[in-house]
Amino acid sequence: MPSTSVTVTATAVSSKSRSRQSKEQGKVQVGKKGSERVSSSSSSSSSPITANSTPTVVGQNPRDDFFWAYTEEPHRTRRQAIIKAHPEVLKLCGPEPLTIPLVGAVVGIQVLCAYLLRDTPFLSWPFFLTAYIVGATANQNLFLAIHEISHNLAFKSPAANRALSIFANLPIGIPYSASFRPYHLTHHKSLGVDGVDVDLPTALEAWFFDSVAGKAFFCTFQILFYALRPMFVYKLPMTGLQACNIAIQLAFDALMVQFFGPRTLAYFILSSFLAGSLHPCAGHFIAEHYVFAQHSRSLRPTGSIIPLPSSKLAPPPETFSYYGALNLLTYNVGLHNEHHDFPAVPWTRLWKLNRIANEFYCDLPSHPSWVGVMWQFVTDEEVGLWCRVKRKEGGRKVGAGSEGPTDKVAPSSSLSSSPSISSSPAVSTSAGRR
């Protein structure tokens, strides 16, 4: 396509010290490999998505350093383009019965391990290593089974899916499956919406843990942040399903303690903690939506007004995939762009979706390693909890009772008169602000 230039004010305002501001302004050339891939796909004449009229502008808020976006999340746009180009992908949607026996097998493994460790001291290497190697991997698998089931992808019946989710919850030790579903569906419908998407770190978290030690602490205890943050962002009303989940879980825990001793419950809870701590599979929590330096767009120093080609107008991608071997243990959750584009496609068919619509995914930035993600997150001073794309408005809460939807009609963008541009599949192409 012909090169297009638009005047944009790129603002990078820091809320921290003057030295931090200098580092933020020094991010002018953070693109490296990741952004080069995005830029090349943006400028390609064969890009499968074309923005209607408005380039996306992402700025940084003076109160913090989050990336603020003023368009809808990119997955709906890409989903529509993929369906138009490859209507056969809709045949991939629907339940995957294989999930059912897999959940049963992993629950059985965890109960067996708990039974075998019933007389093993809690503070011993055999107990810890079993919990870390077997238990944490198994419970991470069950976390992601519950994630899969929350999209009704095991049974055709919603009630059967809820029941299987509660069953998968048993070795986790703490009831959460019933409340996870509405929060997670809200994450899909309101990706990046501040105060609605509970996957987003709060400004307090981002400020308090903005150091190597702080990020290491966050990674070690991230399961607790994911468990507790929703209650501080917004609370769900208690439902009968949640009450059932709590009652069944407490009864199961009590039975395990009664017949096999308290170490069985300790094994379940330690396994859950380690599954969301410094464990290879836990890297997906950070890899999925945090924007790393090699993925972010170039920024000029504060206040500069510069003409930028259309390939430079894209905000950082908001979702990142991982195509490595750990997907075998985690229901292919690494194929996260594919999952957000088509939440109704089960884990066994995400690779096929990627193959069919490969031109939409091959140039998107991705992570080669979940362990590498955690290491860079902790040690890289340019990466932290601030590195998330946020929106002020849009989306809706699922299961929020009387609070209802949060959708708002927004005015047309001031850039609506800009010429149509070709955009990367990773870029939202909404023409107005949300």
# chains A, B, ... in the order shown; residues from 1 in each chain; ligands from 1

$ select_by_dssp --residues "segment 257-383 of chain A" --states "strand (DSSP E)" --output "PDB file with N, CA and C atoms, in the first residue's frame"
ATOM      1  N   ILE A 305       6.184  16.205  18.508  1.00  0.00           N
ATOM      2  CA  ILE A 305       5.128  16.015  17.514  1.00  0.00           C
ATOM      3  C   ILE A 305       5.817  15.655  16.214  1.00  0.00           C
ATOM      4  N   ILE A 306       5.576  14.441  15.756  1.00  0.00           N
ATOM      5  CA  ILE A 306       6.342  13.924  14.636  1.00  0.00           C
ATOM      6  C   ILE A 306       5.430  13.226  13.660  1.00  0.00           C
ATOM      7  N   PRO A 307       5.739  13.260  12.379  1.00  0.00           N
ATOM      8  CA  PRO A 307       4.989  12.446  11.414  1.00  0.00           C
ATOM      9  C   PRO A 307       5.453  10.998  11.505  1.00  0.00           C
ATOM     10  N   LEU A 308       4.513  10.091  11.597  1.00  0.00           N
ATOM     11  CA  LEU A 308       4.842   8.674  11.680  1.00  0.00           C
ATOM     12  C   LEU A 308       4.179   7.926  10.543  1.00  0.00           C
ATOM     13  N   PRO A 309       4.862   6.955   9.928  1.00  0.00           N
ATOM     14  CA  PRO A 309       4.219   6.089   8.934  1.00  0.00           C
ATOM     15  C   PRO A 309       3.175   5.232   9.603  1.00  0.00           C
ATOM     16  N   SER A 321       1.065 -15.237  22.167  1.00  0.00           N
ATOM     17  CA  SER A 321       1.009 -16.698  22.175  1.00  0.00           C
ATOM     18  C   SER A 321       2.375 -17.287  22.500  1.00  0.00           C
ATOM     19  N   TYR A 322       2.344 -18.545  22.862  1.00  0.00           N
ATOM     20  CA  TYR A 322       3.548 -19.346  23.110  1.00  0.00           C
ATOM     21  C   TYR A 322       3.289 -20.690  22.453  1.00  0.00           C
ATOM     22  N   SER A 366       5.411 -13.387  19.643  1.00  0.00           N
ATOM     23  CA  SER A 366       5.091 -14.482  20.563  1.00  0.00           C
ATOM     24  C   SER A 366       6.278 -14.721  21.479  1.00  0.00           C
ATOM     25  N   HIS A 367       6.072 -15.543  22.483  1.00  0.00           N
ATOM     26  CA  HIS A 367       7.140 -15.870  23.434  1.00  0.00           C
ATOM     27  C   HIS A 367       7.691 -17.265  23.138  1.00  0.00           C
TER      28      HIS A 367
END

$ select_by_dssp --residues "segment 222-411 of chain A" --states "helix (DSSP H, G or I)" --output "PyMOL selection string"
chain A and resi 222-233+240-260+262-275+280-287+293-295+310-312+325-329+336-341+347-356+358-361+370-379+401-403

$ closest_residue --among "A:Pro230, A:Ala203, A:Leu153, A:Phe221" --to "Phe180 of chain A" --atoms "only C-alpha atoms"
A:Pro230

$ atom_distance --atom1 "atom CA of Pro343 of chain A" --atom2 "atom CA of His151 of chain A"
6.9 Å

$ residues_around --residues "Gly372 of chain A" --least-positions-apart "4" --cutoff "12 Å" --atoms "only C-alpha atoms" --output "MDAnalysis selection string"
chainID A and resid 278:284 286:287 292 322 324 367:368 376:380
